[in-house]
file query_35.txt (compact mmCIF, C-alpha atoms)
# COMPACT_ATOMS: atom_id res chain seq x y z
CA MET T 1 88.00 72.65 117.82
CA ASN T 2 84.35 72.09 117.10
CA PHE T 3 82.34 74.29 114.80
CA ARG T 4 80.85 76.20 117.72
CA THR T 5 84.33 77.40 118.68
CA TRP T 6 85.17 78.26 115.08
CA TYR T 7 81.90 80.17 114.94
CA LEU T 8 82.73 82.18 118.06
CA VAL T 9 86.18 83.07 116.73
CA HIS T 10 84.67 84.00 113.37
CA LYS T 11 82.01 86.14 115.01
CA TRP T 12 84.36 88.16 117.18
CA SER T 13 87.22 88.45 114.71
CA SER T 14 84.70 89.90 112.26
CA LEU T 15 82.52 92.01 114.56
CA VAL T 16 85.43 93.82 116.21
CA PRO T 17 86.98 95.18 112.98
CA THR T 18 83.77 95.43 110.91
CA ALA T 19 83.38 99.22 111.14
CA PHE T 20 87.06 99.76 110.32
CA LEU T 21 87.08 97.21 107.51
CA LEU T 22 84.02 98.90 106.00
CA MET T 23 85.85 102.24 106.21
CA LEU T 24 88.92 100.67 104.57
CA CYS T 25 86.82 99.15 101.76
CA LEU T 26 85.02 102.45 101.11
CA THR T 27 88.10 104.69 101.19
CA GLY T 28 90.06 102.05 99.26
CA LEU T 29 87.59 102.13 96.38
CA PRO T 30 88.59 105.59 95.05
CA LEU T 31 92.22 104.94 96.01
CA ILE T 32 92.35 102.04 93.53
CA PHE T 33 91.87 104.64 90.80
CA HIS T 34 93.97 107.40 92.41
CA GLU T 35 96.22 107.70 89.35
CA GLU T 36 93.26 108.14 87.00
CA ILE T 37 91.48 110.53 89.39
CA ASP T 38 94.64 112.59 89.94
CA HIS T 39 95.20 112.88 86.20
CA TRP T 40 91.60 113.89 85.73
CA LEU T 41 91.71 116.52 88.50
CA HIS T 42 95.15 117.79 87.47
CA PRO T 43 95.73 116.88 83.85
CA HIS T 44 99.25 115.87 83.01
CA PRO T 45 101.17 118.61 81.21
CA GLU T 46 101.34 118.28 77.44
CA LEU T 47 104.66 116.67 76.71
CA GLY T 48 105.68 117.68 73.21
CA ALA T 49 107.85 115.47 71.05
CA ALA T 50 111.48 115.56 72.17
CA ALA T 51 114.17 116.91 69.89
CA PRO T 52 115.91 113.86 68.41
CA GLY T 53 118.97 112.88 70.38
CA ALA T 54 118.11 115.24 73.23
CA PRO T 55 120.56 114.52 76.06
CA GLY T 56 117.99 114.77 78.85
CA ALA T 57 117.45 117.58 81.30
CA ASP T 58 120.32 119.13 83.25
CA ILE T 59 119.14 118.07 86.70
CA ASP T 60 121.57 120.36 88.54
CA ASP T 61 119.98 123.28 86.71
CA VAL T 62 116.47 121.97 87.44
CA VAL T 63 117.34 121.71 91.13
CA ALA T 64 118.86 125.20 91.21
CA ARG T 65 115.77 126.73 89.60
CA ALA T 66 113.43 124.80 91.94
CA LEU T 67 115.35 126.07 94.98
CA ALA T 68 115.42 129.63 93.66
CA ALA T 69 111.63 129.51 93.48
CA ARG T 70 111.34 128.20 97.06
CA PRO T 71 113.60 130.34 99.26
CA GLY T 72 114.47 128.73 102.59
CA GLU T 73 113.68 125.22 101.38
CA VAL T 74 115.90 122.23 100.65
CA VAL T 75 115.47 119.46 98.10
CA ARG T 76 114.38 116.15 99.56
CA PHE T 77 113.90 114.09 96.41
CA VAL T 78 113.97 114.20 92.66
CA THR T 79 111.68 111.47 91.30
CA PHE T 80 110.99 110.19 87.81
CA ASP T 81 107.72 108.91 86.34
CA ASP T 82 108.06 105.33 85.14
CA GLU T 83 105.94 105.78 82.05
CA GLU T 84 106.30 109.36 80.86
CA PRO T 85 109.36 111.61 80.60
CA LEU T 86 108.26 113.55 83.68
CA GLY T 87 110.25 114.36 86.76
CA TYR T 88 109.36 115.98 90.08
CA VAL T 89 111.48 118.03 92.49
CA ILE T 90 110.20 117.74 96.04
CA THR T 91 111.31 120.53 98.36
CA ALA T 92 110.49 121.30 101.99
CA ALA T 93 111.74 123.38 104.89
CA THR T 94 113.70 120.42 106.30
CA PRO T 95 115.37 117.39 104.70
CA ALA T 96 113.36 114.92 106.85
CA PRO T 97 109.80 115.15 108.21
CA PRO T 98 108.22 117.05 109.85
CA PRO T 99 106.55 118.44 107.83
CA ASP T 100 105.39 115.24 106.11
CA ASP T 101 104.54 116.83 102.81
CA GLY T 102 106.78 118.81 100.52
CA HIS T 103 106.23 121.12 97.59
CA VAL T 104 106.13 119.28 94.26
CA GLN T 105 107.54 120.89 91.11
CA PRO T 106 107.05 118.83 87.93
CA PHE T 107 109.45 119.15 85.02
CA ASP T 108 110.03 117.73 81.57
CA ALA T 109 112.73 115.12 82.08
CA ARG T 110 114.07 115.70 78.55
CA THR T 111 114.28 119.49 78.50
CA GLY T 112 114.06 120.55 82.14
CA LYS T 113 111.08 122.78 81.40
CA PHE T 114 108.93 123.47 84.49
CA PHE T 115 105.19 122.80 84.60
CA ASP T 116 102.66 124.18 87.08
CA PRO T 117 103.42 122.97 90.63
CA LEU T 118 101.08 120.36 92.09
CA PRO T 119 98.45 121.74 94.47
CA PRO T 120 99.27 121.39 98.18
CA PRO T 121 97.92 118.25 99.88
CA GLY T 122 94.53 118.27 101.59
CA GLY T 123 92.28 117.39 98.65
CA PHE T 124 89.68 114.62 98.60
CA MET T 125 92.13 111.89 97.61
CA ASP T 126 94.58 112.91 100.35
CA ILE T 127 91.80 112.63 102.92
CA MET T 128 90.88 109.17 101.58
CA LEU T 129 94.53 108.13 101.81
CA ASP T 130 94.99 109.46 105.34
CA LEU T 131 91.83 107.71 106.51
CA HIS T 132 92.85 104.51 104.79
CA THR T 133 96.40 104.37 106.13
CA ASP T 134 96.38 105.80 109.65
CA MET T 135 93.11 107.73 110.22
CA PHE T 136 95.25 110.87 110.73
CA LEU T 137 96.83 109.27 113.80
CA GLY T 138 100.36 108.54 112.61
CA LEU T 139 102.14 105.37 113.73
CA PRO T 140 99.49 104.29 116.30
CA GLY T 141 96.87 104.59 113.56
CA TYR T 142 98.92 102.47 111.16
CA LEU T 143 99.47 99.78 113.77
CA PHE T 144 95.83 99.79 114.87
CA LEU T 145 94.64 99.27 111.29
CA GLY T 146 97.31 96.57 110.96
CA ALA T 147 95.72 94.79 113.92
CA MET T 148 92.33 95.08 112.20
CA GLY T 149 93.98 93.49 109.14
CA LEU T 150 95.18 90.57 111.24
CA LEU T 151 91.64 90.07 112.56
CA LEU T 152 90.44 90.07 108.94
CA VAL T 153 92.85 87.22 108.22
CA VAL T 154 91.52 85.28 111.23
CA ALA T 155 87.93 85.97 110.14
CA THR T 156 88.67 84.76 106.60
CA VAL T 157 90.32 81.53 107.72
CA THR T 158 87.56 80.73 110.24
CA GLY T 159 85.00 81.66 107.60
CA VAL T 160 86.46 79.09 105.21
CA VAL T 161 86.26 76.42 107.94
CA LEU T 162 82.64 77.36 108.73
CA TYR T 163 81.77 77.13 105.05
CA THR T 164 81.84 73.34 105.43
CA PRO T 165 78.80 72.68 107.67
CA PHE T 166 76.64 75.12 105.72
CA MET T 167 77.44 73.53 102.38
CA ARG T 168 77.04 69.86 103.27
CA LYS T 169 73.59 69.85 101.67
CA LEU T 170 73.95 72.61 99.12
CA ASP T 171 75.51 72.84 95.70
CA PHE T 172 78.28 75.35 95.17
CA GLY T 173 76.86 78.72 94.23
CA ALA T 174 73.33 78.01 95.47
CA LEU T 175 71.47 81.12 96.67
CA ARG T 176 68.23 80.19 98.38
CA ALA T 177 66.57 83.44 97.47
CA ARG T 178 62.93 82.50 97.97
CA ARG T 179 62.86 80.84 101.39
CA SER T 180 63.70 83.77 103.68
CA PRO T 181 65.76 86.94 103.52
CA ARG T 182 68.08 85.55 106.15
CA LEU T 183 68.82 82.43 104.09
CA LYS T 184 69.41 84.54 101.01
CA TRP T 185 71.93 86.79 102.78
CA LEU T 186 73.55 83.80 104.46
CA ASP T 187 74.09 82.09 101.12
CA LEU T 188 75.39 85.30 99.56
CA HIS T 189 77.75 85.80 102.52
CA ASN T 190 79.08 82.26 102.13
CA LEU T 191 79.40 82.41 98.35
CA ALA T 192 81.03 85.85 98.15
CA GLY T 193 83.27 84.93 101.09
CA ILE T 194 84.50 81.64 99.66
CA ALA T 195 84.83 82.90 96.07
CA THR T 196 86.99 85.87 97.05
CA ALA T 197 88.82 84.22 99.99
CA ALA T 198 92.22 84.08 98.26
CA TRP T 199 92.06 87.70 97.14
CA VAL T 200 90.82 88.90 100.54
CA LEU T 201 93.62 87.01 102.28
CA VAL T 202 96.27 88.48 100.00
CA VAL T 203 94.91 92.03 100.26
CA GLY T 204 94.51 91.64 104.04
CA VAL T 205 98.00 90.27 104.63
CA THR T 206 99.72 92.75 102.29
CA GLY T 207 97.71 95.61 103.81
CA THR T 208 98.87 94.56 107.24
CA ILE T 209 102.48 94.45 106.01
CA ASN T 210 102.03 97.95 104.58
CA THR T 211 101.01 99.24 108.01
CA LEU T 212 104.53 98.34 109.12
CA ALA T 213 106.16 100.65 106.55
CA LEU T 214 107.44 103.13 109.14
CA PRO T 215 109.03 100.55 111.46
CA ILE T 216 110.49 98.80 108.40
CA LEU T 217 112.01 102.08 107.19
CA GLY T 218 113.47 102.63 110.66
CA LEU T 219 114.92 99.12 110.71
CA TRP T 220 116.55 99.67 107.32
CA GLN T 221 117.96 103.04 108.38
CA ARG T 222 119.56 101.57 111.48
CA GLY T 223 120.60 98.39 109.67
CA GLN T 224 121.69 98.28 106.06
CA LEU T 225 121.78 102.03 105.45
CA ALA T 226 123.89 102.65 108.57
CA GLU T 227 126.21 99.81 107.52
CA MET T 228 126.65 101.17 104.01
CA THR T 229 127.43 104.68 105.25
CA ALA T 230 129.50 103.62 108.29
CA PRO T 231 132.81 105.00 106.91
CA TYR T 232 131.25 108.47 106.83
CA ARG T 233 130.01 108.47 110.42
CA GLY T 234 131.52 111.31 112.38
CA LEU T 235 132.72 113.22 109.32
CA PRO T 236 131.92 116.93 109.38
CA PRO T 237 128.69 117.79 107.56
CA LEU T 238 128.84 118.61 103.87
CA GLU T 239 129.39 122.24 103.14
CA ARG T 240 127.84 121.95 99.75
CA ALA T 241 126.52 118.92 97.93
CA GLY T 242 128.05 118.26 94.53
CA SER T 243 126.45 117.54 91.19
CA VAL T 244 123.27 115.48 91.05
CA ASP T 245 123.95 114.71 87.41
CA ALA T 246 127.31 113.21 88.34
CA ALA T 247 125.58 111.04 90.95
CA LEU T 248 123.02 109.93 88.37
CA ARG T 249 125.77 109.02 85.90
CA THR T 250 127.60 107.02 88.57
CA ALA T 251 124.44 105.15 89.59
CA ARG T 252 123.48 104.37 85.98
CA ALA T 253 126.93 103.00 85.31
CA ALA T 254 126.72 100.85 88.45
CA ALA T 255 123.31 99.43 87.47
CA PRO T 256 123.22 98.95 83.72
CA GLY T 257 119.78 98.07 82.38
CA MET T 258 118.02 99.80 85.28
CA ALA T 259 116.37 103.21 85.39
CA VAL T 260 116.39 105.87 88.10
CA GLN T 261 113.23 105.93 90.17
CA PHE T 262 114.25 108.63 92.61
CA VAL T 263 117.21 110.38 94.16
CA ALA T 264 117.16 110.97 97.90
CA PHE T 265 119.24 114.03 98.77
CA PRO T 266 121.75 114.21 101.64
CA GLY T 267 120.11 114.35 105.06
CA THR T 268 116.80 112.72 104.07
CA GLN T 269 115.44 109.52 105.62
CA PHE T 270 116.56 107.50 102.60
CA SER T 271 120.18 108.63 102.43
CA SER T 272 122.96 109.79 104.74
CA ARG T 273 124.22 113.30 105.41
CA HIS T 274 127.00 112.70 102.88
CA HIS T 275 125.24 110.80 100.11
CA TYR T 276 122.88 110.98 97.25
CA ALA T 277 120.93 107.71 97.39
CA VAL T 278 119.92 106.90 93.83
CA PHE T 279 117.18 104.27 93.82
CA MET T 280 117.29 102.17 90.65
CA ARG T 281 114.41 100.10 89.32
CA GLY T 282 114.17 97.24 86.81
CA ASN T 283 111.71 97.17 83.96
CA THR T 284 109.22 94.40 84.73
CA PRO T 285 106.27 95.06 87.06
CA LEU T 286 108.08 93.09 89.76
CA THR T 287 111.63 94.41 89.34
CA SER T 288 110.34 97.95 88.95
CA ARG T 289 109.19 97.66 92.58
CA LEU T 290 112.29 95.90 93.87
CA ILE T 291 114.37 99.06 93.82
CA GLN T 292 118.07 99.08 94.69
CA PRO T 293 119.86 102.00 96.30
CA ALA T 294 123.18 103.19 94.87
CA LEU T 295 124.84 105.40 97.46
CA VAL T 296 126.92 108.07 95.81
CA ASP T 297 129.32 110.33 97.72
CA ALA T 298 127.62 113.70 97.37
CA ARG T 299 130.93 115.56 97.27
CA THR T 300 132.98 113.46 94.86
CA GLY T 301 130.21 111.81 92.83
CA LYS T 302 131.88 108.39 93.33
CA LEU T 303 129.99 105.21 94.18
CA THR T 304 130.20 104.27 97.87
CA ASP T 305 128.06 101.14 97.83
CA MET T 306 125.17 99.51 96.01
CA ARG T 307 123.25 96.61 97.49
CA GLU T 308 120.04 94.70 97.17
CA LEU T 309 117.57 95.79 99.83
CA PRO T 310 117.19 93.31 102.70
CA LEU T 311 114.42 90.71 102.57
CA TYR T 312 112.10 92.55 104.97
CA VAL T 313 112.14 95.65 102.76
CA ARG T 314 111.63 93.58 99.61
CA ILE T 315 108.62 91.90 101.21
CA LEU T 316 107.17 95.37 101.89
CA LEU T 317 107.92 96.51 98.32
CA VAL T 318 106.17 93.46 96.81
CA SER T 319 103.26 93.86 99.23
CA GLN T 320 102.50 97.28 97.85
CA PRO T 321 101.29 96.35 94.35
CA LEU T 322 99.54 93.26 95.71
CA HIS T 323 97.55 95.52 98.02
CA PHE T 324 96.97 98.40 95.58
CA GLY T 325 96.15 96.33 92.47
CA ASP T 326 98.05 98.80 90.31
CA TYR T 327 100.21 96.36 88.39
CA GLY T 328 98.00 95.09 85.57
CA GLY T 329 96.52 98.10 83.85
CA LEU T 330 93.01 99.52 84.17
CA PRO T 331 91.22 96.14 83.80
CA LEU T 332 92.99 94.84 86.91
CA LYS T 333 91.98 97.99 88.81
CA ILE T 334 88.35 97.45 87.78
CA LEU T 335 88.52 93.84 89.01
CA TRP T 336 90.09 95.12 92.24
CA ALA T 337 87.10 97.45 92.64
CA LEU T 338 84.61 94.62 91.97
CA LEU T 339 86.35 92.38 94.49
CA ASP T 340 86.31 95.30 96.94
CA LEU T 341 82.54 95.58 96.40
CA ALA T 342 82.27 91.84 97.08
CA ALA T 343 84.19 92.42 100.34
CA ILE T 344 81.71 95.18 101.25
CA ALA T 345 78.88 92.71 100.55
CA ILE T 346 80.53 90.12 102.81
CA LEU T 347 80.84 92.68 105.62
CA GLY T 348 77.30 93.93 105.14
CA THR T 349 75.69 90.50 104.99
CA GLY T 350 77.78 89.35 107.94
CA LEU T 351 76.58 92.28 110.00
CA TYR T 352 72.98 91.59 108.94
CA LEU T 353 73.27 87.91 109.91
CA TRP T 354 74.53 88.89 113.33
CA LEU T 355 71.88 91.57 113.90
CA ARG T 356 69.12 89.18 112.81
CA ARG T 357 70.45 86.18 114.64
CA PRO T 358 67.83 83.83 116.04
CA ALA T 359 67.21 83.99 119.78
CA PRO T 360 69.48 81.62 121.68
CA ALA T 361 68.09 78.28 122.86
CA HIS T 362 67.05 78.46 126.50
CA ARG T 363 68.68 75.30 127.75
CA PRO T 364 70.96 72.70 126.30
CA GLY T 365 69.05 69.87 124.71
CA ALA T 366 65.96 71.98 124.21
CA ALA T 367 63.97 71.23 121.10
CA ARG T 368 65.64 72.92 118.16
CA PRO T 369 63.72 75.56 116.29
CA ALA T 370 62.74 74.78 112.74
CA ALA T 371 65.85 74.04 110.75
CA GLY T 372 66.81 76.23 107.88
CA THR T 373 66.78 79.71 109.37
CA GLY T 374 70.44 79.64 108.70
CA SER T 375 72.58 80.00 111.77
CA LEU T 376 75.03 77.44 112.95
CA ARG T 377 73.03 77.25 116.15
CA ASP T 378 69.87 75.93 114.57
CA ASN T 379 71.38 74.30 111.53
CA PRO T 380 74.08 72.16 113.08
CA PRO T 381 76.66 70.38 111.03
CA THR T 382 75.56 66.82 110.50
CA GLY T 383 77.86 64.72 112.58
CA SER T 384 81.07 66.66 111.92
CA ALA T 385 81.25 68.60 115.14
CA PRO T 386 81.86 66.71 118.33
CA ARG T 387 79.07 67.71 120.64
CA MET J 1 79.72 61.70 87.26
CA THR J 2 76.23 62.81 88.18
CA PRO J 3 75.67 65.40 90.90
CA PRO J 4 74.42 63.95 94.15
CA PRO J 5 70.71 64.37 94.89
CA ALA J 6 69.94 67.66 96.60
CA SER J 7 69.33 66.13 100.00
CA SER J 8 72.38 63.92 100.37
CA ARG J 9 75.43 64.92 102.36
CA ARG J 10 78.39 66.18 100.37
CA SER J 11 81.93 65.12 101.01
CA LEU J 12 84.64 67.65 101.84
CA TRP J 13 85.95 67.27 98.32
CA GLN J 14 82.51 68.04 96.88
CA VAL J 15 82.15 71.07 99.14
CA PHE J 16 85.59 72.47 98.43
CA ARG J 17 86.45 71.53 94.86
CA TRP J 18 85.06 74.76 93.37
CA PRO J 19 86.36 77.01 96.13
CA LEU J 20 89.77 75.36 95.76
CA ALA J 21 89.74 75.87 91.99
CA LEU J 22 88.79 79.53 92.48
CA ALA J 23 91.52 80.05 95.08
CA LEU J 24 94.19 78.53 92.84
CA THR J 25 92.96 80.56 89.86
CA SER J 26 92.99 83.73 91.98
CA ALA J 27 96.54 83.00 93.10
CA VAL J 28 97.66 82.64 89.48
CA GLY J 29 95.85 85.88 88.66
CA LEU J 30 97.45 87.75 91.54
CA VAL J 31 100.95 86.72 90.51
CA SER J 32 100.74 86.75 86.72
CA ALA J 33 100.52 90.51 86.09
CA LEU J 34 103.31 91.00 88.61
CA VAL J 35 105.88 89.01 86.64
CA GLY J 36 105.14 90.28 83.14
CA ASP J 37 103.16 92.57 80.90
CA GLY J 38 100.87 91.95 77.93
CA ALA J 39 99.74 88.32 77.98
CA TYR J 40 100.60 88.07 81.68
CA ASP J 41 98.20 90.95 82.37
CA ALA J 42 95.47 89.24 80.34
CA VAL J 43 95.90 86.02 82.37
CA SER J 44 95.37 88.07 85.54
CA TRP J 45 92.25 89.69 84.17
CA VAL J 46 90.67 86.35 83.27
CA ALA J 47 91.77 84.62 86.48
CA LEU J 48 90.58 87.36 88.87
CA GLY J 49 87.49 87.91 86.74
CA LEU J 50 86.40 84.36 87.54
CA PRO J 51 85.39 84.89 91.20
CA CYS J 52 83.53 88.03 90.15
CA ALA J 53 81.76 86.11 87.39
CA VAL J 54 80.82 83.28 89.75
CA ILE J 55 79.18 85.70 92.21
CA ALA J 56 77.46 87.65 89.44
CA GLY J 57 76.22 84.39 87.86
CA ALA J 58 74.75 83.15 91.15
CA LEU J 59 73.02 86.50 91.74
CA MET J 60 71.49 86.38 88.28
CA ARG J 61 70.23 82.81 88.73
CA ALA J 62 68.72 83.56 92.14
call {"tool": "encode", "arguments": {"input": "query_35.txt", "output": "structure tokens"}}
result
Amino acid sequence: MNFRTWYLVHKWSSLVPTAFLLMLCLTGLPLIFHEEIDHWLHPHPELGAAAPGAPGADIDDVVARALAARPGEVVRFVTFDDEEPLGYVITAATPAPPPDDGHVQPFDARTGKFFDPLPPPGGFMDIMLDLHTDMFLGLPGYLFLGAMGLLLVVATVTGVVLYTPFMRKLDFGALRARRSPRLKWLDLHNLAGIATAAWVLVVGVTGTINTLALPILGLWQRGQLAEMTAPYRGLPPLERAGSVDAALRTARAAAPGMAVQFVAFPGTQFSSRHHYAVFMRGNTPLTSRLIQPALVDARTGKLTDMRELPLYVRILLVSQPLHFGDYGGLPLKILWALLDLAAIAILGTGLYLWLRRPAPAHRPGAARPAAGTGSLRDNPPTGSAPR
Amino acid sequence: MTPPPASSRRSLWQVFRWPLALALTSAVGLVSALVGDGAYDAVSWVALGLPCAVIAGALMRA
């Protein structure tokens, strides 16, 4: 491939997704700080000091009180904060979507005391998230943005190749700011693009993987989850689920050294109709994401099966932090935001360079316009491209 | 080693040595905070701060 071909691929793989990538960069910016913004909008409840040796909340009682407050609803999940002794009961009219969103009741994981319920979804951050993930379109929206992510990967790789001819006569980091605006924006485009290429590639690829979350969940449900619960297929539905606390004890005993991240109740997408699925997490940033489900018979409280999630789910789970930038404290989030701003600059300068492109030469072999206006067309690579 | 005069043609190595260094540093930064806390986080901050610093430095010199 000569540089002209690389240029054409770069141009189209960037121009097609530019508007969507700009939207993703802009909505992604507040989402980087969603935890901080959520805490600021809805301050965490004051968690007093626990009584020494407190045994932890009676989760069966917590669940019963949550259900009593929400007549007609069922519990989908009980989840636990990984930093603070906070838990959440998520209830909804049905065990599995629709509706997508449930009612969230926070509680003190040591005493079982209830705090004010979280406000229903629909706030600013929810809108940002919906725009960022699927533009309110569901699966087609996810997959479309995934395709835009793939184009971003193509644009980044072709951009790195095209960096060569432009830099044959320039030092790394040179910004020719005084010659012409076009040269200045070209140099900034090239510098910001090459300096952030690794980060952009990782965020682009992991973002694309994240768009496949729904198909991946479906694959796991029909694969490993179905396998693990096969002996229960065809059994009559549970009349009444047994103790959640018993299930938690069973899961903790099966996975010593791990903590409970969430319990999926019978009938939800993450369990079977006969099981509590207790998802256990490790305690490093990586192992806390690589959760493992312990399936506990919801009637007897005995362990049915516990397995590592299959590779395709683990890839998704590791892709999440690498896309969100939420695994290295606030400084990492700030760097994520700066790199996101650099990505916006790359998109903006790229668009400018295309809008202000020099007029095409009228015929092949025509005298070239004065060199240095900064497009590949009038600033050809010296000898590298077969012509 | 002295830098080549401004007009001469740079080799691929000369064009890509800094980008390559930045990419490898970024990769270390992306992974480090994932495998540990504390010092591992700090390594990530420095490593991913580098591309930001390079861009900011060039903007200030321009």
call {"tool": "closest_residue", "arguments": {"input": "query_35.txt", "among": "T:Ala198, T:Ile127, T:Ala66, T:Leu316", "to": "chain J", "atoms": "all atoms listed in the file"}}
result
T:Ala198
call {"tool": "closest_atom_pairs", "arguments": {"input": "query_35.txt", "of": "chain J", "to": "chain T", "cutoff": "7 Å", "atoms": "all atoms listed in the file", "output": "tab-separated table"}}
result
residue	atom	partner	partner_atom	distance
J:Ala6	CA	T:Lys169	CA	6.6
J:Ser7	CA	T:Lys169	CA	5.9
J:Ser8	CA	T:Lys169	CA	6.2
J:Arg9	CA	T:Arg168	CA	5.3
J:Arg10	CA	T:Arg168	CA	4.9
J:Val15	CA	T:Met167	CA	6.2
J:Pro19	CA	T:Ala195	CA	6.1
J:Leu22	CA	T:Ala195	CA	6.3
J:Ala23	CA	T:Ala198	CA	5.2
J:Ser26	CA	T:Ala198	CA	6.3
J:Ala27	CA	T:Ala198	CA	6.8
J:Ala33	CA	T:Gly328	CA	5.3
J:Leu34	CA	T:Pro285	CA	5.3
J:Val35	CA	T:Leu286	CA	5.6
J:Gly36	CA	T:Thr284	CA	6.0
J:Asp41	CA	T:Gly328	CA	5.2
J:Trp45	CA	T:Leu332	CA	5.9
J:Leu48	CA	T:Leu335	CA	6.8
J:Gly49	CA	T:Leu335	CA	6.4
J:Pro51	CA	T:Ala195	CA	5.3
J:Cys52	CA	T:Leu339	CA	6.8
J:Ile55	CA	T:Ala192	CA	6.2
J:Ala58	CA	T:Gly173	CA	5.8
J:Ala62	CA	T:Ala177	CA	5.7
call {"tool": "atom_distance", "arguments": {"input": "query_35.txt", "atom1": "atom CA of Ile59 of chain T", "atom2": "atom CA of His42 of chain T"}}
result
24.0 Å
call {"tool": "residues_around", "arguments": {"input": "query_35.txt", "residues": "Trp12 of chain T", "least_positions_apart": "6", "cutoff": "10 Å", "atoms": "all atoms listed in the file", "output": "list in words"}}
result
Thr18, Leu151, Val154 and Ala155 of chain T
call {"tool": "atom_distance", "arguments": {"input": "query_35.txt", "atom1": "atom CA of Arg314 of chain T", "atom2": "atom CA of Ala264 of chain T"}}
result
18.3 Å
call {"tool": "atom_distance", "arguments": {"input": "query_35.txt", "atom1": "atom CA of Pro71 of chain T", "atom2": "atom CA of Glu84 of chain T"}}
result
28.8 Å
call {"tool": "axis_aligned_box", "arguments": {"input": "query_35.txt", "around": "segment 279-294 of chain T", "padding_each_side": "3 Å", "output": "JSON"}}
result
{"center_x": 114.7, "center_y": 98.7, "center_z": 90.1, "size_x": 22.9, "size_y": 17.2, "size_z": 18.3}
call {"tool": "closest_residue", "arguments": {"input": "query_35.txt", "among": "T:Ala68, T:Leu162, T:Leu129, T:Ile37", "to": "Arg4 of chain T", "atoms": "all atoms listed in the file"}}
result
T:Leu162
call {"tool": "closest_residue", "arguments": {"input": "query_35.txt", "among": "J:Leu12, J:Val31, J:Ala56, J:Leu24", "to": "Ser44 of chain J", "atoms": "all atoms listed in the file"}}
result
J:Val31
call {"tool": "closest_residue", "arguments": {"input": "query_35.txt", "among": "T:Lys11, T:Lys302, T:His189, T:His103", "to": "His275 of chain T", "atoms": "all atoms listed in the file"}}
result
T:Lys302
call {"tool": "residues_around", "arguments": {"input": "query_35.txt", "residues": "Tyr232 of chain T", "least_positions_apart": "3", "cutoff": "9 Å", "atoms": "only C-alpha atoms", "output": "CSV table (one decimal) with C-alpha atoms, in the coordinates of the input"}}
result
chain,number,residue,atom,x,y,z
T,229,THR,CA,127.4,104.7,105.2
T,235,LEU,CA,132.7,113.2,109.3
T,236,PRO,CA,131.9,116.9,109.4
T,272,SER,CA,123.0,109.8,104.7
T,273,ARG,CA,124.2,113.3,105.4
T,274,HIS,CA,127.0,112.7,102.9
call {"tool": "residues_near_point", "arguments": {"input": "query_35.txt", "point": "(104.9, 121.1, 74.2)", "cutoff": "12 Å", "atoms": "all atoms listed in the file", "output": "JSON, numbers by chain"}}
result
{"T": [44, 45, 46, 47, 48, 49, 50, 51, 107, 108, 110, 111, 113, 114, 115]}
